[in-house]
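S.K.: To be precise about what I am sending: the file is called final_26.cif and holds mmCIF, N, CA and C atoms.
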data_start
#
loop_
_atom_site.label_atom_id
_atom_site.label_comp_id
_atom_site.auth_asym_id
_atom_site.auth_seq_id
_atom_site.Cartn_x
_atom_site.Cartn_y
_atom_site.Cartn_z
N MET A 1 -5.25 171.27 60.86
CA MET A 1 -3.84 171.09 61.10
C MET A 1 -3.53 171.48 62.55
N TYR A 2 -2.77 170.62 63.22
CA TYR A 2 -2.43 170.85 64.62
C TYR A 2 -1.07 171.53 64.70
N VAL A 3 -1.01 172.61 65.42
CA VAL A 3 0.25 173.32 65.64
C VAL A 3 0.64 173.11 67.11
N ARG A 4 1.84 172.60 67.30
CA ARG A 4 2.29 172.36 68.67
C ARG A 4 2.52 173.67 69.41
N SER A 5 1.95 173.73 70.58
CA SER A 5 2.16 174.92 71.41
C SER A 5 3.41 174.74 72.25
N ARG A 6 3.85 175.82 72.82
CA ARG A 6 5.01 175.77 73.72
C ARG A 6 4.70 174.86 74.92
N LEU A 7 3.45 174.88 75.40
CA LEU A 7 3.06 174.02 76.52
C LEU A 7 3.17 172.55 76.14
N ASP A 8 2.75 172.21 74.91
CA ASP A 8 2.86 170.83 74.45
C ASP A 8 4.33 170.40 74.39
N ALA A 9 5.18 171.27 73.89
CA ALA A 9 6.60 170.96 73.78
C ALA A 9 7.22 170.78 75.17
N ASP A 10 6.85 171.63 76.12
CA ASP A 10 7.36 171.52 77.49
C ASP A 10 6.91 170.22 78.13
N ALA A 11 5.65 169.88 77.95
CA ALA A 11 5.11 168.63 78.52
C ALA A 11 5.83 167.43 77.91
N GLU A 12 6.05 167.45 76.63
CA GLU A 12 6.74 166.35 75.96
C GLU A 12 8.18 166.23 76.46
N ALA A 13 8.84 167.35 76.65
CA ALA A 13 10.22 167.34 77.15
C ALA A 13 10.26 166.75 78.56
N ARG A 14 9.29 167.13 79.41
CA ARG A 14 9.23 166.58 80.77
C ARG A 14 9.01 165.08 80.73
N ASN A 15 8.12 164.62 79.86
CA ASN A 15 7.83 163.19 79.78
C ASN A 15 9.03 162.40 79.28
N SER A 16 9.75 162.92 78.30
CA SER A 16 10.90 162.19 77.80
C SER A 16 12.04 162.24 78.82
N ALA A 17 12.15 163.32 79.59
CA ALA A 17 13.19 163.43 80.60
C ALA A 17 12.88 162.54 81.80
N ALA A 18 11.63 162.13 81.95
CA ALA A 18 11.21 161.36 83.11
C ALA A 18 11.51 159.87 82.96
N MET A 19 12.19 159.49 81.92
CA MET A 19 12.46 158.08 81.68
C MET A 19 13.65 157.61 82.52
N VAL A 20 13.42 157.54 83.81
CA VAL A 20 14.43 157.05 84.75
C VAL A 20 14.10 155.60 85.07
N ASP A 21 15.13 154.76 85.12
CA ASP A 21 14.91 153.36 85.46
C ASP A 21 15.91 152.93 86.53
N ALA A 22 15.87 151.66 86.89
CA ALA A 22 16.74 151.15 87.95
C ALA A 22 18.21 151.33 87.61
N ASP A 23 18.56 151.16 86.34
CA ASP A 23 19.96 151.36 85.94
C ASP A 23 20.41 152.79 86.16
N THR A 24 19.51 153.75 85.92
CA THR A 24 19.83 155.16 86.16
C THR A 24 20.05 155.40 87.64
N VAL A 25 19.20 154.82 88.48
CA VAL A 25 19.35 154.97 89.93
C VAL A 25 20.70 154.41 90.36
N ARG A 26 21.02 153.21 89.90
CA ARG A 26 22.30 152.58 90.27
C ARG A 26 23.48 153.42 89.80
N ARG A 27 23.42 153.90 88.56
CA ARG A 27 24.53 154.69 88.01
C ARG A 27 24.75 155.96 88.81
N LEU A 28 23.66 156.69 89.09
CA LEU A 28 23.79 157.95 89.83
C LEU A 28 24.25 157.72 91.27
N ALA A 29 23.68 156.72 91.92
CA ALA A 29 24.02 156.45 93.32
C ALA A 29 25.46 155.94 93.44
N ALA A 30 25.85 155.03 92.56
CA ALA A 30 27.20 154.46 92.63
C ALA A 30 28.28 155.49 92.30
N ALA A 31 27.92 156.56 91.62
CA ALA A 31 28.88 157.61 91.28
C ALA A 31 29.21 158.50 92.47
N LEU A 32 28.44 158.41 93.54
CA LEU A 32 28.70 159.21 94.73
C LEU A 32 29.90 158.62 95.48
N PRO A 33 30.68 159.47 96.15
CA PRO A 33 31.92 159.00 96.80
C PRO A 33 31.69 157.86 97.79
N GLU A 34 32.50 156.85 97.66
CA GLU A 34 32.53 155.71 98.58
C GLU A 34 31.20 154.97 98.69
N ALA A 35 30.35 155.14 97.67
CA ALA A 35 29.07 154.41 97.64
C ALA A 35 29.34 152.96 97.25
N THR A 36 28.58 152.07 97.85
CA THR A 36 28.69 150.64 97.56
C THR A 36 27.36 150.17 96.99
N ASP A 37 27.41 149.64 95.78
CA ASP A 37 26.20 149.12 95.13
C ASP A 37 26.11 147.62 95.40
N GLU A 38 25.16 147.23 96.22
CA GLU A 38 24.96 145.82 96.56
C GLU A 38 23.67 145.29 95.92
N SER A 39 23.27 145.91 94.83
CA SER A 39 22.06 145.52 94.12
C SER A 39 22.23 144.13 93.52
N LYS A 40 21.11 143.41 93.45
CA LYS A 40 21.10 142.08 92.84
C LYS A 40 19.83 141.97 92.02
N GLY A 41 19.98 141.62 90.75
CA GLY A 41 18.81 141.52 89.89
C GLY A 41 18.06 142.83 89.84
N GLU A 42 16.76 142.77 90.10
CA GLU A 42 15.94 143.99 90.10
C GLU A 42 16.02 144.75 91.42
N ARG A 43 16.56 144.12 92.46
CA ARG A 43 16.62 144.74 93.79
C ARG A 43 17.76 145.76 93.85
N ILE A 44 17.42 146.98 94.24
CA ILE A 44 18.39 148.06 94.38
C ILE A 44 18.75 148.22 95.85
N GLU A 45 20.04 148.34 96.10
CA GLU A 45 20.53 148.57 97.46
C GLU A 45 21.89 149.26 97.35
N VAL A 46 21.92 150.56 97.65
CA VAL A 46 23.17 151.31 97.58
C VAL A 46 23.38 152.00 98.93
N SER A 47 24.62 151.89 99.43
CA SER A 47 24.92 152.43 100.75
C SER A 47 26.24 153.18 100.74
N VAL A 48 26.49 153.91 101.82
CA VAL A 48 27.77 154.55 102.08
C VAL A 48 28.15 154.16 103.51
N ALA A 49 29.34 153.61 103.67
CA ALA A 49 29.82 153.16 104.98
C ALA A 49 28.82 152.24 105.67
N GLY A 50 28.18 151.37 104.89
CA GLY A 50 27.25 150.40 105.45
C GLY A 50 25.85 150.93 105.74
N LYS A 51 25.57 152.18 105.40
CA LYS A 51 24.25 152.76 105.65
C LYS A 51 23.55 153.03 104.32
N GLN A 52 22.43 152.36 104.11
CA GLN A 52 21.69 152.53 102.85
C GLN A 52 21.18 153.95 102.69
N PHE A 53 21.24 154.43 101.44
CA PHE A 53 20.62 155.71 101.15
C PHE A 53 19.61 155.62 100.02
N VAL A 54 19.60 154.52 99.29
CA VAL A 54 18.54 154.24 98.32
C VAL A 54 18.38 152.72 98.22
N TRP A 55 17.12 152.28 98.16
CA TRP A 55 16.85 150.84 98.10
C TRP A 55 15.50 150.60 97.44
N SER A 56 15.29 149.35 97.08
CA SER A 56 14.03 148.95 96.43
C SER A 56 12.87 149.01 97.41
N TYR A 57 11.71 149.24 96.85
CA TYR A 57 10.47 149.27 97.62
C TYR A 57 9.75 147.94 97.45
N TYR A 58 9.34 147.37 98.57
CA TYR A 58 8.53 146.16 98.58
C TYR A 58 7.16 146.52 99.10
N GLN A 59 6.14 146.27 98.28
CA GLN A 59 4.77 146.65 98.61
C GLN A 59 4.01 145.48 99.25
N ARG A 60 3.24 145.81 100.25
CA ARG A 60 2.36 144.80 100.86
C ARG A 60 1.08 144.78 100.02
N VAL A 61 0.87 143.71 99.26
CA VAL A 61 -0.30 143.64 98.40
C VAL A 61 -1.47 142.94 99.08
N ALA A 62 -1.17 142.15 100.11
CA ALA A 62 -2.23 141.47 100.86
C ALA A 62 -1.79 141.33 102.31
N PRO A 63 -2.71 141.53 103.24
CA PRO A 63 -2.35 141.40 104.66
C PRO A 63 -1.78 140.02 104.96
N LYS A 64 -0.79 140.00 105.83
CA LYS A 64 -0.17 138.74 106.29
C LYS A 64 0.57 137.97 105.20
N LYS A 65 0.74 138.58 104.04
CA LYS A 65 1.49 137.96 102.95
C LYS A 65 2.82 138.70 102.79
N PRO A 66 3.81 138.03 102.18
CA PRO A 66 5.10 138.70 101.98
C PRO A 66 4.96 139.92 101.07
N ARG A 67 5.83 140.89 101.29
CA ARG A 67 5.87 142.08 100.43
C ARG A 67 6.39 141.68 99.05
N VAL A 68 6.00 142.46 98.04
CA VAL A 68 6.36 142.18 96.65
C VAL A 68 7.19 143.34 96.11
N LEU A 69 8.31 143.01 95.45
CA LEU A 69 9.18 144.02 94.87
C LEU A 69 8.44 144.84 93.83
N ARG A 70 8.54 146.16 93.95
CA ARG A 70 8.04 147.08 92.92
C ARG A 70 9.26 147.70 92.25
N ALA A 71 9.63 147.20 91.10
CA ALA A 71 10.84 147.65 90.41
C ALA A 71 10.72 149.09 89.93
N ASP A 72 9.52 149.64 89.90
CA ASP A 72 9.30 151.00 89.41
C ASP A 72 9.33 152.05 90.52
N VAL A 73 9.64 151.62 91.76
CA VAL A 73 9.65 152.52 92.91
C VAL A 73 10.89 152.26 93.75
N VAL A 74 11.52 153.35 94.23
CA VAL A 74 12.62 153.22 95.17
C VAL A 74 12.34 154.05 96.41
N ALA A 75 12.97 153.66 97.51
CA ALA A 75 12.93 154.46 98.73
C ALA A 75 14.23 155.24 98.79
N ILE A 76 14.14 156.53 99.04
CA ILE A 76 15.31 157.40 99.12
C ILE A 76 15.32 158.06 100.49
N ARG A 77 16.42 157.90 101.21
CA ARG A 77 16.56 158.49 102.54
C ARG A 77 16.43 160.01 102.44
N CYS A 78 15.67 160.60 103.35
CA CYS A 78 15.55 162.05 103.44
C CYS A 78 15.04 162.41 104.82
N GLU A 79 15.14 163.67 105.17
CA GLU A 79 14.62 164.12 106.46
C GLU A 79 13.10 164.18 106.38
N LEU A 80 12.43 163.94 107.50
CA LEU A 80 10.97 163.90 107.51
C LEU A 80 10.31 165.18 107.00
N PRO A 81 10.77 166.38 107.39
CA PRO A 81 10.12 167.58 106.84
C PRO A 81 10.21 167.66 105.31
N ARG A 82 11.36 167.25 104.77
CA ARG A 82 11.51 167.27 103.31
C ARG A 82 10.60 166.23 102.66
N LYS A 83 10.49 165.07 103.29
CA LYS A 83 9.61 164.02 102.79
C LYS A 83 8.18 164.54 102.67
N GLU A 84 7.70 165.16 103.74
CA GLU A 84 6.33 165.70 103.74
C GLU A 84 6.15 166.75 102.66
N LEU A 85 7.15 167.60 102.50
CA LEU A 85 7.10 168.65 101.47
C LEU A 85 7.05 168.03 100.07
N LEU A 86 7.90 167.04 99.83
CA LEU A 86 7.93 166.39 98.51
C LEU A 86 6.60 165.73 98.18
N ILE A 87 6.04 165.02 99.14
CA ILE A 87 4.76 164.33 98.91
C ILE A 87 3.65 165.34 98.64
N GLU A 88 3.64 166.43 99.40
CA GLU A 88 2.61 167.45 99.21
C GLU A 88 2.77 168.16 97.87
N ALA A 89 4.01 168.44 97.47
CA ALA A 89 4.26 169.19 96.24
C ALA A 89 4.08 168.35 94.98
N ALA A 90 4.39 167.06 95.06
CA ALA A 90 4.35 166.21 93.86
C ALA A 90 3.87 164.80 94.21
N PRO A 91 2.59 164.65 94.54
CA PRO A 91 2.08 163.33 94.95
C PRO A 91 2.09 162.29 93.83
N ASP A 92 2.21 162.71 92.58
CA ASP A 92 2.31 161.75 91.48
C ASP A 92 3.71 161.13 91.42
N THR A 93 4.68 161.81 92.03
CA THR A 93 6.06 161.34 92.02
C THR A 93 6.44 160.69 93.35
N PHE A 94 6.04 161.33 94.45
CA PHE A 94 6.44 160.88 95.79
C PHE A 94 5.23 160.44 96.58
N PHE A 95 5.43 159.40 97.40
CA PHE A 95 4.32 158.93 98.23
C PHE A 95 4.85 158.23 99.46
N ASP A 96 3.94 157.78 100.28
CA ASP A 96 4.23 157.13 101.54
C ASP A 96 3.30 155.93 101.66
N ASP A 97 3.62 154.99 102.51
CA ASP A 97 2.67 153.94 102.85
C ASP A 97 2.77 153.68 104.35
N ASP A 98 1.94 152.79 104.86
CA ASP A 98 1.91 152.56 106.30
C ASP A 98 3.28 152.14 106.85
N HIS A 99 4.00 151.34 106.11
CA HIS A 99 5.30 150.85 106.57
C HIS A 99 6.32 151.99 106.69
N TYR A 100 6.28 152.94 105.78
CA TYR A 100 7.25 154.04 105.74
C TYR A 100 6.78 155.30 106.48
N ARG A 101 5.54 155.33 106.91
CA ARG A 101 5.02 156.50 107.62
C ARG A 101 5.85 156.76 108.86
N GLY A 102 6.37 157.98 108.99
CA GLY A 102 7.20 158.34 110.12
C GLY A 102 8.66 157.93 109.98
N PHE A 103 9.00 157.27 108.88
CA PHE A 103 10.38 156.84 108.64
C PHE A 103 11.04 157.83 107.67
N PRO A 104 12.30 158.20 107.88
CA PRO A 104 12.94 159.21 107.04
C PRO A 104 13.40 158.70 105.67
N ALA A 105 12.43 158.32 104.85
CA ALA A 105 12.68 157.93 103.46
C ALA A 105 11.41 158.19 102.68
N VAL A 106 11.58 158.69 101.45
CA VAL A 106 10.41 158.97 100.62
C VAL A 106 10.36 157.95 99.49
N LEU A 107 9.17 157.44 99.21
CA LEU A 107 8.96 156.49 98.11
C LEU A 107 8.82 157.30 96.83
N THR A 108 9.55 156.88 95.80
CA THR A 108 9.69 157.67 94.58
C THR A 108 9.36 156.82 93.36
N ARG A 109 8.39 157.28 92.57
CA ARG A 109 8.03 156.58 91.32
C ARG A 109 9.03 156.98 90.25
N LEU A 110 9.77 156.00 89.74
CA LEU A 110 10.84 156.30 88.78
C LEU A 110 10.32 156.89 87.48
N ALA A 111 9.16 156.47 87.04
CA ALA A 111 8.61 156.97 85.78
C ALA A 111 8.19 158.43 85.87
N ALA A 112 8.10 158.95 87.10
CA ALA A 112 7.59 160.31 87.27
C ALA A 112 8.66 161.33 87.67
N ILE A 113 9.92 160.91 87.74
CA ILE A 113 10.98 161.82 88.17
C ILE A 113 12.02 161.92 87.06
N ASP A 114 12.60 163.11 86.92
CA ASP A 114 13.64 163.25 85.91
C ASP A 114 15.02 163.05 86.54
N GLU A 115 16.00 162.82 85.70
CA GLU A 115 17.33 162.48 86.18
C GLU A 115 17.97 163.56 87.06
N PRO A 116 17.90 164.84 86.69
CA PRO A 116 18.51 165.85 87.58
C PRO A 116 17.88 165.90 88.97
N GLU A 117 16.56 165.76 89.06
CA GLU A 117 15.91 165.77 90.37
C GLU A 117 16.30 164.53 91.17
N LEU A 118 16.36 163.38 90.51
CA LEU A 118 16.78 162.15 91.16
C LEU A 118 18.21 162.28 91.67
N ALA A 119 19.09 162.82 90.84
CA ALA A 119 20.49 162.99 91.24
C ALA A 119 20.60 163.88 92.49
N ALA A 120 19.81 164.94 92.54
CA ALA A 120 19.83 165.83 93.70
C ALA A 120 19.33 165.12 94.95
N LEU A 121 18.27 164.33 94.83
CA LEU A 121 17.75 163.59 95.98
C LEU A 121 18.76 162.54 96.47
N LEU A 122 19.40 161.85 95.54
CA LEU A 122 20.39 160.85 95.92
C LEU A 122 21.59 161.49 96.60
N SER A 123 22.02 162.63 96.11
CA SER A 123 23.14 163.34 96.73
C SER A 123 22.80 163.75 98.16
N ALA A 124 21.60 164.27 98.35
CA ALA A 124 21.15 164.66 99.70
C ALA A 124 21.05 163.43 100.60
N ALA A 125 20.55 162.33 100.06
CA ALA A 125 20.43 161.09 100.84
C ALA A 125 21.81 160.58 101.23
N TRP A 126 22.74 160.64 100.29
CA TRP A 126 24.12 160.23 100.57
C TRP A 126 24.70 161.05 101.72
N ARG A 127 24.49 162.38 101.67
CA ARG A 127 24.99 163.26 102.73
C ARG A 127 24.41 162.92 104.10
N LEU A 128 23.13 162.54 104.13
CA LEU A 128 22.50 162.17 105.40
C LEU A 128 23.13 160.92 106.00
N GLN A 129 23.54 159.99 105.17
CA GLN A 129 24.03 158.70 105.64
C GLN A 129 25.55 158.63 105.79
N ALA A 130 26.28 159.47 105.07
CA ALA A 130 27.74 159.40 105.11
C ALA A 130 28.27 159.84 106.47
N PRO A 131 29.21 159.09 107.02
CA PRO A 131 29.82 159.51 108.28
C PRO A 131 30.65 160.78 108.09
N LYS A 132 30.93 161.45 109.19
CA LYS A 132 31.68 162.70 109.14
C LYS A 132 33.03 162.53 108.45
N SER A 133 33.68 161.39 108.66
CA SER A 133 34.99 161.17 108.04
C SER A 133 34.89 161.13 106.51
N VAL A 134 33.83 160.53 106.00
CA VAL A 134 33.62 160.49 104.55
C VAL A 134 33.28 161.89 104.03
N LEU A 135 32.42 162.59 104.74
CA LEU A 135 32.08 163.96 104.34
C LEU A 135 33.31 164.86 104.34
N ALA A 136 34.22 164.65 105.30
CA ALA A 136 35.45 165.46 105.36
C ALA A 136 36.34 165.18 104.16
N ARG A 137 36.38 163.94 103.70
CA ARG A 137 37.19 163.58 102.53
C ARG A 137 36.56 164.04 101.23
N HIS A 138 35.23 164.22 101.23
CA HIS A 138 34.49 164.58 100.01
C HIS A 138 33.50 165.70 100.32
N PRO A 139 34.00 166.90 100.65
CA PRO A 139 33.09 167.98 101.08
C PRO A 139 32.07 168.40 100.02
N SER A 140 32.40 168.23 98.76
CA SER A 140 31.45 168.61 97.72
C SER A 140 30.49 167.49 97.38
N GLY A 141 30.74 166.30 97.93
CA GLY A 141 29.87 165.17 97.65
C GLY A 141 30.13 164.54 96.30
N SER A 142 31.28 164.87 95.69
CA SER A 142 31.62 164.26 94.40
C SER A 142 33.07 163.88 94.35
#
Show this structure as structure tokens.

M.R.:
Amino acid sequence: MYVRSRLDADAEARNSAAMVDADTVRRLAAALPEATDESKGERIEVSVAGKQFVWSYYQRVAPKKPRVLRADVVAIRCELPRKELLIEAAPDTFFDDDHYRGFPAVLTRLAAIDEPELAALLSAAWRLQAPKSVLARHPSGS
């Protein structure tokens, strides 16, 4: 007879909480003040005052060929030091590729992140992109 351990229960809770999808990204991002959701189909594109803070990731699968939409990954604007920290701390969730190397956005696997962590990253990304006038109107970011 198998008895579930506390570790098994914690792992299961993390896995069930990690069920984030494109609709979750859109819902959380669009809930931020003055955010504009310009997503179409599977493509995610959310901005504040015309500056994107979360968007779909297009992967280069073959040299000299067009990039291909990866619906399971988004790019989230962040500062470079935070990007490096996130990738180092959780490489199963966050990563980089040649196109994004040195660019202030972290690639995020939706299946590997939970909603509260995603919401925090989106809020920080929104703050980076929002103009001072928007930040003054919404100092708490909500």

S.K.: For the provided coordinates, the residues matched by the PyMOL selection byres ((chain A and resi 68) around 6) should be stated as an NGL selection string.

M.R.: :A and (57-61 or 66-67 or 69-70)

S.K.: Taking the file above as input, evaluate the PyMOL selection byres (((chain A and resi 49 and name CA) around 9) and name CA) and report the hits as a ChimeraX atom specification.

M.R.: /A:34-36,47-48,50-52,129-131,134

S.K.: I want to know what sits within 7 Å of region 100-114 of chain A, based on only N, CA and C atoms, with residues of the same chain fewer than 4 positions away left out; could you give that as a PDB file with N, CA and C atoms, in the coordinates of the input?

M.R.:
ATOM      1  N   ALA A  17      12.150 163.320  79.590  1.00  0.00           N
ATOM      2  CA  ALA A  17      13.190 163.430  80.600  1.00  0.00           C
ATOM      3  C   ALA A  17      12.880 162.540  81.800  1.00  0.00           C
ATOM      4  N   ALA A  18      11.630 162.130  81.950  1.00  0.00           N
ATOM      5  CA  ALA A  18      11.210 161.360  83.110  1.00  0.00           C
ATOM      6  C   ALA A  18      11.510 159.870  82.960  1.00  0.00           C
ATOM      7  N   MET A  19      12.190 159.490  81.920  1.00  0.00           N
ATOM      8  CA  MET A  19      12.460 158.080  81.680  1.00  0.00           C
ATOM      9  C   MET A  19      13.650 157.610  82.520  1.00  0.00           C
ATOM     10  N   VAL A  20      13.420 157.540  83.810  1.00  0.00           N
ATOM     11  CA  VAL A  20      14.430 157.050  84.750  1.00  0.00           C
ATOM     12  C   VAL A  20      14.100 155.600  85.070  1.00  0.00           C
ATOM     13  N   ASP A  21      15.130 154.760  85.120  1.00  0.00           N
ATOM     14  CA  ASP A  21      14.910 153.360  85.460  1.00  0.00           C
ATOM     15  C   ASP A  21      15.910 152.930  86.530  1.00  0.00           C
ATOM     16  N   ALA A  71       9.630 147.200  91.100  1.00  0.00           N
ATOM     17  CA  ALA A  71      10.840 147.650  90.410  1.00  0.00           C
ATOM     18  C   ALA A  71      10.720 149.090  89.930  1.00  0.00           C
ATOM     19  N   ASP A  72       9.520 149.640  89.900  1.00  0.00           N
ATOM     20  CA  ASP A  72       9.300 151.000  89.410  1.00  0.00           C
ATOM     21  C   ASP A  72       9.330 152.050  90.520  1.00  0.00           C
ATOM     22  N   VAL A  73       9.640 151.620  91.760  1.00  0.00           N
ATOM     23  CA  VAL A  73       9.650 152.520  92.910  1.00  0.00           C
ATOM     24  C   VAL A  73      10.890 152.260  93.750  1.00  0.00           C
ATOM     25  N   VAL A  74      11.520 153.350  94.230  1.00  0.00           N
ATOM     26  CA  VAL A  74      12.620 153.220  95.170  1.00  0.00           C
ATOM     27  C   VAL A  74      12.340 154.050  96.410  1.00  0.00           C
ATOM     28  N   ALA A  75      12.970 153.660  97.510  1.00  0.00           N
ATOM     29  CA  ALA A  75      12.930 154.460  98.730  1.00  0.00           C
ATOM     30  C   ALA A  75      14.230 155.240  98.790  1.00  0.00           C
ATOM     31  N   ILE A  76      14.140 156.530  99.040  1.00  0.00           N
ATOM     32  CA  ILE A  76      15.310 157.400  99.120  1.00  0.00           C
ATOM     33  C   ILE A  76      15.320 158.060 100.490  1.00  0.00           C
ATOM     34  N   ARG A  77      16.420 157.900 101.210  1.00  0.00           N
ATOM     35  CA  ARG A  77      16.560 158.490 102.540  1.00  0.00           C
ATOM     36  C   ARG A  77      16.430 160.010 102.440  1.00  0.00           C
ATOM     37  N   CYS A  78      15.670 160.600 103.350  1.00  0.00           N
ATOM     38  CA  CYS A  78      15.550 162.050 103.440  1.00  0.00           C
ATOM     39  C   CYS A  78      15.040 162.410 104.820  1.00  0.00           C
ATOM     40  N   GLU A  79      15.140 163.670 105.170  1.00  0.00           N
ATOM     41  CA  GLU A  79      14.620 164.120 106.460  1.00  0.00           C
ATOM     42  C   GLU A  79      13.100 164.180 106.380  1.00  0.00           C
ATOM     43  N   LEU A  80      12.430 163.940 107.500  1.00  0.00           N
ATOM     44  CA  LEU A  80      10.970 163.900 107.510  1.00  0.00           C
ATOM     45  C   LEU A  80      10.310 165.180 107.000  1.00  0.00           C
ATOM     46  N   LYS A  83      10.490 165.070 103.290  1.00  0.00           N
ATOM     47  CA  LYS A  83       9.610 164.020 102.790  1.00  0.00           C
ATOM     48  C   LYS A  83       8.180 164.540 102.670  1.00  0.00           C
ATOM     49  N   ASP A  92       2.210 162.710  92.580  1.00  0.00           N
ATOM     50  CA  ASP A  92       2.310 161.750  91.480  1.00  0.00           C
ATOM     51  C   ASP A  92       3.710 161.130  91.420  1.00  0.00           C
ATOM     52  N   THR A  93       4.680 161.810  92.030  1.00  0.00           N
ATOM     53  CA  THR A  93       6.060 161.340  92.020  1.00  0.00           C
ATOM     54  C   THR A  93       6.440 160.690  93.350  1.00  0.00           C
ATOM     55  N   PHE A  94       6.040 161.330  94.450  1.00  0.00           N
ATOM     56  CA  PHE A  94       6.440 160.880  95.790  1.00  0.00           C
ATOM     57  C   PHE A  94       5.230 160.440  96.580  1.00  0.00           C
ATOM     58  N   PHE A  95       5.430 159.400  97.400  1.00  0.00           N
ATOM     59  CA  PHE A  95       4.320 158.930  98.230  1.00  0.00           C
ATOM     60  C   PHE A  95       4.850 158.230  99.460  1.00  0.00           C
ATOM     61  N   ASP A  96       3.940 157.780 100.280  1.00  0.00           N
ATOM     62  CA  ASP A  96       4.230 157.130 101.540  1.00  0.00           C
ATOM     63  C   ASP A  96       3.300 155.930 101.660  1.00  0.00           C
ATOM     64  N   LEU A 118      16.360 163.380  90.510  1.00  0.00           N
ATOM     65  CA  LEU A 118      16.780 162.150  91.160  1.00  0.00           C
ATOM     66  C   LEU A 118      18.210 162.280  91.670  1.00  0.00           C
ATOM     67  N   ALA A 119      19.090 162.820  90.840  1.00  0.00           N
ATOM     68  CA  ALA A 119      20.490 162.990  91.240  1.00  0.00           C
ATOM     69  C   ALA A 119      20.600 163.880  92.490  1.00  0.00           C
TER      70      ALA A 119
END

S.K.: Quote the spacing between CA of Thr24 (chain A) and CA of Glu115 (chain A) in Å to one decimal place.

M.R.: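 These two atoms are separated by 7.7 Å.
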
S.K.: So what do you get for atom C of Leu85 (chain A) versus atom C of Asp97 (chain A), distance-wise?

M.R.: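 Here the two named atoms are 15.6 Å from each other.
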
S.K.: Which residue out of A:Ala62, A:Phe53, A:Asp37, A:Pro116 has the minimum interatomic distance to Leu128 (chain A) when only C-alpha atoms are used?

M.R.: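 Looking at the shortest contact to Leu128 (chain A), the residue is A:Phe53.
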
S.K.: Using only N, CA and C atoms for the distances, tell me which of A:Pro63, A:Leu28, A:Val46, A:Glu88 is nearest to Ser123 (chain A).

M.R.: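 Among A:Pro63, A:Leu28, A:Val46, A:Glu88, it is A:Leu28 that comes nearest to Ser123 (chain A).
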
S.K.: Identify, with DSSP run on backbone atoms, the residues in region 77-120 of chain A assigned to alpha helix (DSSP H), and express the list as a PDB file with N, CA and C atoms, in the coordinates of the input.

M.R.:
ATOM      1  N   LEU A  80      12.430 163.940 107.500  1.00  0.00           N
ATOM      2  CA  LEU A  80      10.970 163.900 107.510  1.00  0.00           C
ATOM      3  C   LEU A  80      10.310 165.180 107.000  1.00  0.00           C
ATOM      4  N   PRO A  81      10.770 166.380 107.390  1.00  0.00           N
ATOM      5  CA  PRO A  81      10.120 167.580 106.840  1.00  0.00           C
ATOM      6  C   PRO A  81      10.210 167.660 105.310  1.00  0.00           C
ATOM      7  N   ARG A  82      11.360 167.250 104.770  1.00  0.00           N
ATOM      8  CA  ARG A  82      11.510 167.270 103.310  1.00  0.00           C
ATOM      9  C   ARG A  82      10.600 166.230 102.660  1.00  0.00           C
ATOM     10  N   LYS A  83      10.490 165.070 103.290  1.00  0.00           N
ATOM     11  CA  LYS A  83       9.610 164.020 102.790  1.00  0.00           C
ATOM     12  C   LYS A  83       8.180 164.540 102.670  1.00  0.00           C
ATOM     13  N   GLU A  84       7.700 165.160 103.740  1.00  0.00           N
ATOM     14  CA  GLU A  84       6.330 165.700 103.740  1.00  0.00           C
ATOM     15  C   GLU A  84       6.150 166.750 102.660  1.00  0.00           C
ATOM     16  N   LEU A  85       7.150 167.600 102.500  1.00  0.00           N
ATOM     17  CA  LEU A  85       7.100 168.650 101.470  1.00  0.00           C
ATOM     18  C   LEU A  85       7.050 168.030 100.070  1.00  0.00           C
ATOM     19  N   LEU A  86       7.900 167.040  99.830  1.00  0.00           N
ATOM     20  CA  LEU A  86       7.930 166.390  98.510  1.00  0.00           C
ATOM     21  C   LEU A  86       6.600 165.730  98.180  1.00  0.00           C
ATOM     22  N   ILE A  87       6.040 165.020  99.140  1.00  0.00           N
ATOM     23  CA  ILE A  87       4.760 164.330  98.910  1.00  0.00           C
ATOM     24  C   ILE A  87       3.650 165.340  98.640  1.00  0.00           C
ATOM     25  N   GLU A  88       3.640 166.430  99.400  1.00  0.00           N
ATOM     26  CA  GLU A  88       2.610 167.450  99.210  1.00  0.00           C
ATOM     27  C   GLU A  88       2.770 168.160  97.870  1.00  0.00           C
ATOM     28  N   ALA A  89       4.010 168.440  97.470  1.00  0.00           N
ATOM     29  CA  ALA A  89       4.260 169.190  96.240  1.00  0.00           C
ATOM     30  C   ALA A  89       4.080 168.350  94.980  1.00  0.00           C
ATOM     31  N   GLU A 115      16.000 162.820  85.700  1.00  0.00           N
ATOM     32  CA  GLU A 115      17.330 162.480  86.180  1.00  0.00           C
ATOM     33  C   GLU A 115      17.970 163.560  87.060  1.00  0.00           C
ATOM     34  N   PRO A 116      17.900 164.840  86.690  1.00  0.00           N
ATOM     35  CA  PRO A 116      18.510 165.850  87.580  1.00  0.00           C
ATOM     36  C   PRO A 116      17.880 165.900  88.970  1.00  0.00           C
ATOM     37  N   GLU A 117      16.560 165.760  89.060  1.00  0.00           N
ATOM     38  CA  GLU A 117      15.910 165.770  90.370  1.00  0.00           C
ATOM     39  C   GLU A 117      16.300 164.530  91.170  1.00  0.00           C
ATOM     40  N   LEU A 118      16.360 163.380  90.510  1.00  0.00           N
ATOM     41  CA  LEU A 118      16.780 162.150  91.160  1.00  0.00           C
ATOM     42  C   LEU A 118      18.210 162.280  91.670  1.00  0.00           C
ATOM     43  N   ALA A 119      19.090 162.820  90.840  1.00  0.00           N
ATOM     44  CA  ALA A 119      20.490 162.990  91.240  1.00  0.00           C
ATOM     45  C   ALA A 119      20.600 163.880  92.490  1.00  0.00           C
ATOM     46  N   ALA A 120      19.810 164.940  92.540  1.00  0.00           N
ATOM     47  CA  ALA A 120      19.830 165.830  93.700  1.00  0.00           C
ATOM     48  C   ALA A 120      19.330 165.120  94.950  1.00  0.00           C
TER      49      ALA A 120
END
